[in-house]
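Chemist: Have a peek at protein.cif (mmCIF, C-alpha atoms, pLDDT in the B column; chains and numbers go by the auth columns).
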```cif
data_upload
loop_
_atom_site.group_PDB
_atom_site.id
_atom_site.type_symbol
_atom_site.label_atom_id
_atom_site.label_comp_id
_atom_site.label_asym_id
_atom_site.label_seq_id
_atom_site.Cartn_x
_atom_site.Cartn_y
_atom_site.Cartn_z
_atom_site.B_iso_or_equiv
_atom_site.auth_seq_id
_atom_site.auth_asym_id
ATOM 1 C CA MET A 1 -25.815 -27.720 66.141 54.00 1 A
ATOM 2 C CA ASN A 2 -26.757 -30.769 64.164 67.00 2 A
ATOM 3 C CA ARG A 3 -24.292 -32.476 61.890 73.00 3 A
ATOM 4 C CA SER A 4 -25.956 -31.576 58.543 73.00 4 A
ATOM 5 C CA ILE A 5 -25.846 -27.870 59.395 73.00 5 A
ATOM 6 C CA LEU A 6 -22.158 -28.146 60.330 65.00 6 A
ATOM 7 C CA LEU A 7 -21.408 -29.916 57.036 66.00 7 A
ATOM 8 C CA ALA A 8 -23.301 -27.258 55.069 70.00 8 A
ATOM 9 C CA VAL A 9 -21.412 -24.444 56.810 69.00 9 A
ATOM 10 C CA ALA A 10 -18.085 -26.183 56.152 69.00 10 A
ATOM 11 C CA ALA A 11 -18.923 -26.692 52.473 69.00 11 A
ATOM 12 C CA LEU A 12 -19.932 -23.050 52.109 68.00 12 A
ATOM 13 C CA ALA A 13 -16.698 -21.867 53.736 70.00 13 A
ATOM 14 C CA ALA A 14 -14.635 -24.134 51.481 65.00 14 A
ATOM 15 C CA SER A 15 -16.330 -22.887 48.306 64.00 15 A
ATOM 16 C CA ALA A 16 -15.873 -19.254 49.367 60.00 16 A
ATOM 17 C CA THR A 17 -12.162 -19.921 49.887 60.00 17 A
ATOM 18 C CA LEU A 18 -11.869 -21.450 46.398 53.00 18 A
ATOM 19 C CA VAL A 19 -13.524 -18.419 44.827 55.00 19 A
ATOM 20 C CA ALA A 20 -11.151 -16.060 46.631 56.00 20 A
ATOM 21 C CA VAL A 21 -8.098 -18.082 45.588 62.00 21 A
ATOM 22 C CA ASN A 22 -9.186 -18.162 41.923 71.00 22 A
ATOM 23 C CA ALA A 23 -10.139 -14.484 41.691 76.00 23 A
ATOM 24 C CA LYS A 24 -7.947 -12.515 39.302 83.00 24 A
ATOM 25 C CA PRO A 25 -7.504 -8.741 39.332 85.00 25 A
ATOM 26 C CA PHE A 26 -8.791 -6.783 36.377 79.00 26 A
ATOM 27 C CA THR A 27 -8.848 -3.158 35.338 86.00 27 A
ATOM 28 C CA TYR A 28 -11.482 -1.097 33.628 79.00 28 A
ATOM 29 C CA THR A 29 -12.059 2.511 32.661 86.00 29 A
ATOM 30 C CA LEU A 30 -14.670 4.403 34.636 74.00 30 A
ATOM 31 C CA PRO A 31 -17.114 6.591 32.702 74.00 31 A
ATOM 32 C CA GLU A 32 -16.536 10.336 32.707 72.00 32 A
ATOM 33 C CA ASP A 33 -17.743 11.975 35.930 67.00 33 A
ATOM 34 C CA LYS A 34 -20.675 14.233 35.099 68.00 34 A
ATOM 35 C CA ALA A 35 -21.911 14.676 38.640 79.00 35 A
ATOM 36 C CA ALA A 36 -20.035 17.945 39.139 90.00 36 A
ATOM 37 C CA PHE A 37 -21.116 21.358 37.915 93.00 37 A
ATOM 38 C CA LYS A 38 -18.844 22.618 35.142 93.00 38 A
ATOM 39 C CA PRO A 39 -16.560 25.567 35.905 95.00 39 A
ATOM 40 C CA GLY A 40 -18.202 28.881 35.085 96.00 40 A
ATOM 41 C CA PRO A 41 -19.198 32.296 36.418 97.00 41 A
ATOM 42 C CA ASN A 42 -20.896 32.157 39.834 97.00 42 A
ATOM 43 C CA LEU A 43 -20.175 28.448 40.234 97.00 43 A
ATOM 44 C CA GLU A 44 -20.161 28.758 44.035 97.00 44 A
ATOM 45 C CA VAL A 45 -23.646 30.313 44.004 98.00 45 A
ATOM 46 C CA VAL A 46 -24.945 27.464 41.844 97.00 46 A
ATOM 47 C CA GLN A 47 -23.319 24.785 43.983 95.00 47 A
ATOM 48 C CA GLY A 48 -24.766 26.334 47.142 95.00 48 A
ATOM 49 C CA ASN A 49 -28.278 26.793 45.781 96.00 49 A
ATOM 50 C CA CYS A 50 -28.880 24.160 43.123 95.00 50 A
ATOM 51 C CA GLY A 51 -26.534 21.492 44.452 91.00 51 A
ATOM 52 C CA SER A 52 -28.335 21.381 47.780 88.00 52 A
ATOM 53 C CA CYS A 53 -31.389 19.789 46.113 91.00 53 A
ATOM 54 C CA HIS A 54 -30.124 17.911 43.065 92.00 54 A
ATOM 55 C CA SER A 55 -26.969 16.783 41.307 90.00 55 A
ATOM 56 C CA ALA A 56 -25.372 18.472 38.338 92.00 56 A
ATOM 57 C CA ASP A 57 -26.650 15.567 36.239 90.00 57 A
ATOM 58 C CA TYR A 58 -30.096 17.138 36.415 90.00 58 A
ATOM 59 C CA VAL A 59 -28.845 20.156 34.439 91.00 59 A
ATOM 60 C CA LEU A 60 -27.588 17.833 31.702 88.00 60 A
ATOM 61 C CA THR A 61 -31.105 16.431 31.226 91.00 61 A
ATOM 62 C CA GLN A 62 -32.393 19.880 30.208 92.00 62 A
ATOM 63 C CA PRO A 63 -32.632 20.891 26.544 92.00 63 A
ATOM 64 C CA GLN A 64 -29.464 22.460 25.224 86.00 64 A
ATOM 65 C CA GLY A 65 -28.560 24.588 22.251 86.00 65 A
ATOM 66 C CA PRO A 66 -28.721 28.210 21.132 86.00 66 A
ATOM 67 C CA LYS A 67 -32.476 28.619 21.662 88.00 67 A
ATOM 68 C CA PHE A 68 -32.241 27.325 25.253 91.00 68 A
ATOM 69 C CA LYS A 69 -30.322 30.191 26.774 93.00 69 A
ATOM 70 C CA LYS A 70 -31.170 33.086 29.092 96.00 70 A
ATOM 71 C CA ASP A 71 -35.010 33.061 28.782 96.00 71 A
ATOM 72 C CA PHE A 72 -35.091 29.284 29.147 96.00 72 A
ATOM 73 C CA TRP A 73 -32.855 29.254 32.223 97.00 73 A
ATOM 74 C CA GLU A 74 -34.756 32.157 33.841 97.00 74 A
ATOM 75 C CA ALA A 75 -37.951 30.123 33.445 97.00 75 A
ATOM 76 C CA GLU A 76 -36.278 27.003 34.875 96.00 76 A
ATOM 77 C CA VAL A 77 -34.904 28.805 37.926 97.00 77 A
ATOM 78 C CA THR A 78 -38.289 30.477 38.502 98.00 78 A
ATOM 79 C CA LYS A 79 -39.969 27.063 38.261 97.00 79 A
ATOM 80 C CA MET A 80 -37.540 25.642 40.826 97.00 80 A
ATOM 81 C CA ILE A 81 -38.488 28.441 43.223 97.00 81 A
ATOM 82 C CA LYS A 82 -42.255 28.702 42.639 97.00 82 A
ATOM 83 C CA VAL A 83 -43.166 25.090 41.860 97.00 83 A
ATOM 84 C CA TYR A 84 -40.595 23.079 43.798 96.00 84 A
ATOM 85 C CA GLY A 85 -39.998 25.528 46.642 96.00 85 A
ATOM 86 C CA ALA A 86 -36.254 25.944 46.103 96.00 86 A
ATOM 87 C CA PRO A 87 -34.975 28.290 48.826 96.00 87 A
ATOM 88 C CA ILE A 88 -33.099 30.589 46.427 97.00 88 A
ATOM 89 C CA ASP A 89 -32.567 34.220 47.435 97.00 89 A
ATOM 90 C CA ASP A 90 -33.776 36.750 44.826 96.00 90 A
ATOM 91 C CA LYS A 91 -30.262 38.241 44.583 98.00 91 A
ATOM 92 C CA ASP A 92 -28.875 34.848 43.533 98.00 92 A
ATOM 93 C CA VAL A 93 -31.308 34.287 40.641 98.00 93 A
ATOM 94 C CA PRO A 94 -29.434 36.449 38.076 98.00 94 A
ATOM 95 C CA LYS A 95 -26.137 34.833 39.093 98.00 95 A
ATOM 96 C CA ILE A 96 -27.566 31.328 38.618 98.00 96 A
ATOM 97 C CA VAL A 97 -29.094 32.279 35.254 98.00 97 A
ATOM 98 C CA GLU A 98 -25.780 33.802 34.148 97.00 98 A
ATOM 99 C CA TYR A 99 -23.935 30.613 35.088 97.00 99 A
ATOM 100 C CA LEU A 100 -26.415 28.302 33.340 96.00 100 A
ATOM 101 C CA THR A 101 -26.574 30.474 30.221 95.00 101 A
ATOM 102 C CA ALA A 102 -22.795 30.726 29.921 95.00 102 A
ATOM 103 C CA THR A 103 -21.979 27.150 30.858 92.00 103 A
ATOM 104 C CA TYR A 104 -24.737 24.947 29.401 89.00 104 A
#
```
Is it possible to express this structure as structure tokens?

Modeler:
Amino acid sequence: MNRSILLAVAALAASATLVAVNAKPFTYTLPEDKAAFKPGPNLEVVQGNCGSCHSADYVLTQPQGPKFKKDFWEAEVTKMIKVYGAPIDDKDVPKIVEYLTATY
């Protein structure tokens, strides 16, 4: 190895050591975890069906409020099945809709 490369490697190692010596610990508060489905009726069914394709964060991006309840969630679950090909068993659809309506 030529001498200039050795000097460059030595300088890099020395500066890395100085950074490590001068580093100070700090603490910070993590944001609230929203990546989990909220507790509710049929949570296991939702985790098994919906959670296999997307995170719980996706549900939070949907409109919320009194007018976005059962009919809205039935349409969303149907869209997931018919448009996106979600492999959801017909018997699980009412359980998923119940969960989403009650929880979000």

Chemist: Between CA of Tyr99 (chain A) and CA of Pro41 (chain A), what is the distance in Å, rounded to a tenth?

Modeler: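 Distance between the two atoms: 5.2 Å.
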
Chemist: Extract, using only C-alpha atoms, all DNA, RNA and protein residues at most 12 Å from Tyr58 (chain A), discarding same-chain residues fewer than 5 positions from it, and format them as a PyMOL selection string.

Modeler: chain A and resi 34-37+50-51+53+63+76+104

Chemist: Work out how far apart CA of Asn49 (chain A) and CA of Ile88 (chain A) are and give it in Å to one decimal.

Modeler: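 Interatomic distance, CA of Asn49 (chain A) to CA of Ile88 (chain A): 6.2 Å.
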
Chemist: Could you state the separation of CA of Pro87 (chain A) and CA of Gly65 (chain A) in Å, given to one decimal place?

Modeler: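 Those two atoms sit 27.6 Å apart.
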
Chemist: So, with only C-alpha atoms as the atoms that count, which of A:Asp71, A:Ser52, A:Leu60, A:Ile5 lies closest to Lys38 (chain A)?

Modeler: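 Looking at the shortest contact to Lys38 (chain A), the residue is A:Leu60.
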
Chemist: On this file, the PyMOL selection byres ((chain A and resi 89-96) around 10) gives some set of residues; write that set as a PyMOL selection string.

Modeler: chain A and resi 41-47+49-50+70+73-74+77-78+81+86-88+97-102

Chemist: Rebuild region 74-85 of chain A so that it carries all heavy atoms, then output the result as a CSV table (one decimal), in the coordinates of the input.

Modeler:
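Output file rebuild10.csv is given in full below:
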```csv
chain,number,residue,atom,x,y,z
A,74,GLU,N,-34.0,31.3,32.9
A,74,GLU,CA,-34.8,32.2,33.8
A,74,GLU,C,-36.1,31.4,34.2
A,74,GLU,O,-36.5,31.4,35.4
A,74,GLU,CB,-35.1,33.5,33.2
A,74,GLU,CG,-33.9,34.5,33.3
A,74,GLU,CD,-34.2,35.8,32.6
A,74,GLU,OE1,-35.1,35.9,31.8
A,74,GLU,OE2,-33.4,36.8,32.9
A,75,ALA,N,-36.7,30.9,33.2
A,75,ALA,CA,-38.0,30.1,33.4
A,75,ALA,C,-37.7,28.9,34.3
A,75,ALA,O,-38.5,28.6,35.2
A,75,ALA,CB,-38.6,29.7,32.1
A,76,GLU,N,-36.6,28.2,34.1
A,76,GLU,CA,-36.3,27.0,34.9
A,76,GLU,C,-36.0,27.3,36.3
A,76,GLU,O,-36.5,26.7,37.2
A,76,GLU,CB,-35.1,26.3,34.3
A,76,GLU,CG,-35.4,25.5,33.0
A,76,GLU,CD,-36.5,24.4,33.2
A,76,GLU,OE1,-36.3,23.5,34.0
A,76,GLU,OE2,-37.5,24.5,32.5
A,77,VAL,N,-35.2,28.4,36.5
A,77,VAL,CA,-34.9,28.8,37.9
A,77,VAL,C,-36.2,29.3,38.6
A,77,VAL,O,-36.4,28.9,39.8
A,77,VAL,CB,-33.8,29.9,38.0
A,77,VAL,CG1,-33.6,30.4,39.4
A,77,VAL,CG2,-32.5,29.3,37.4
A,78,THR,N,-37.0,30.0,37.9
A,78,THR,CA,-38.3,30.5,38.5
A,78,THR,C,-39.2,29.3,38.9
A,78,THR,O,-39.8,29.3,39.9
A,78,THR,CB,-39.0,31.4,37.5
A,78,THR,OG1,-38.2,32.5,37.3
A,78,THR,CG2,-40.4,31.9,38.1
A,79,LYS,N,-39.2,28.3,38.0
A,79,LYS,CA,-40.0,27.1,38.3
A,79,LYS,C,-39.4,26.4,39.5
A,79,LYS,O,-40.2,25.9,40.4
A,79,LYS,CB,-39.9,26.1,37.1
A,79,LYS,CG,-40.6,24.8,37.3
A,79,LYS,CD,-40.6,23.9,36.1
A,79,LYS,CE,-39.2,23.4,35.8
A,79,LYS,NZ,-39.2,22.4,34.7
A,80,MET,N,-38.1,26.3,39.6
A,80,MET,CA,-37.5,25.6,40.8
A,80,MET,C,-38.0,26.3,42.1
A,80,MET,O,-38.3,25.7,43.1
A,80,MET,CB,-36.0,25.6,40.8
A,80,MET,CG,-35.4,24.8,39.7
A,80,MET,SD,-35.7,23.0,40.0
A,80,MET,CE,-36.1,22.5,38.4
A,81,ILE,N,-38.1,27.7,42.0
A,81,ILE,CA,-38.5,28.4,43.2
A,81,ILE,C,-40.0,28.3,43.5
A,81,ILE,O,-40.4,28.0,44.6
A,81,ILE,CB,-38.1,29.9,43.0
A,81,ILE,CG1,-36.6,30.0,43.0
A,81,ILE,CG2,-38.7,30.8,44.2
A,81,ILE,CD1,-36.1,31.4,42.5
A,82,LYS,N,-40.8,28.6,42.5
A,82,LYS,CA,-42.3,28.7,42.6
A,82,LYS,C,-43.0,27.4,42.7
A,82,LYS,O,-43.9,27.2,43.4
A,82,LYS,CB,-42.9,29.6,41.5
A,82,LYS,CG,-42.4,31.0,41.6
A,82,LYS,CD,-43.2,31.9,40.7
A,82,LYS,CE,-42.6,33.3,40.7
A,82,LYS,NZ,-42.9,34.1,41.9
A,83,VAL,N,-42.5,26.4,41.9
A,83,VAL,CA,-43.2,25.1,41.9
A,83,VAL,C,-42.6,24.1,42.9
A,83,VAL,O,-43.3,23.4,43.6
A,83,VAL,CB,-43.1,24.5,40.4
A,83,VAL,CG1,-43.7,23.1,40.4
A,83,VAL,CG2,-43.8,25.4,39.4
A,84,TYR,N,-41.3,24.1,42.9
A,84,TYR,CA,-40.6,23.1,43.8
A,84,TYR,C,-40.1,23.6,45.1
A,84,TYR,O,-39.6,22.9,46.0
A,84,TYR,CB,-39.4,22.4,43.1
A,84,TYR,CG,-39.9,21.7,41.8
A,84,TYR,CD1,-39.6,22.2,40.6
A,84,TYR,CD2,-40.6,20.5,42.0
A,84,TYR,CE1,-40.0,21.5,39.4
A,84,TYR,CE2,-41.0,19.8,40.9
A,84,TYR,CZ,-40.7,20.3,39.6
A,84,TYR,OH,-41.1,19.6,38.5
A,85,GLY,N,-40.3,24.9,45.3
A,85,GLY,CA,-40.0,25.5,46.6
A,85,GLY,C,-38.5,25.7,46.9
A,85,GLY,O,-38.1,25.7,48.1
```
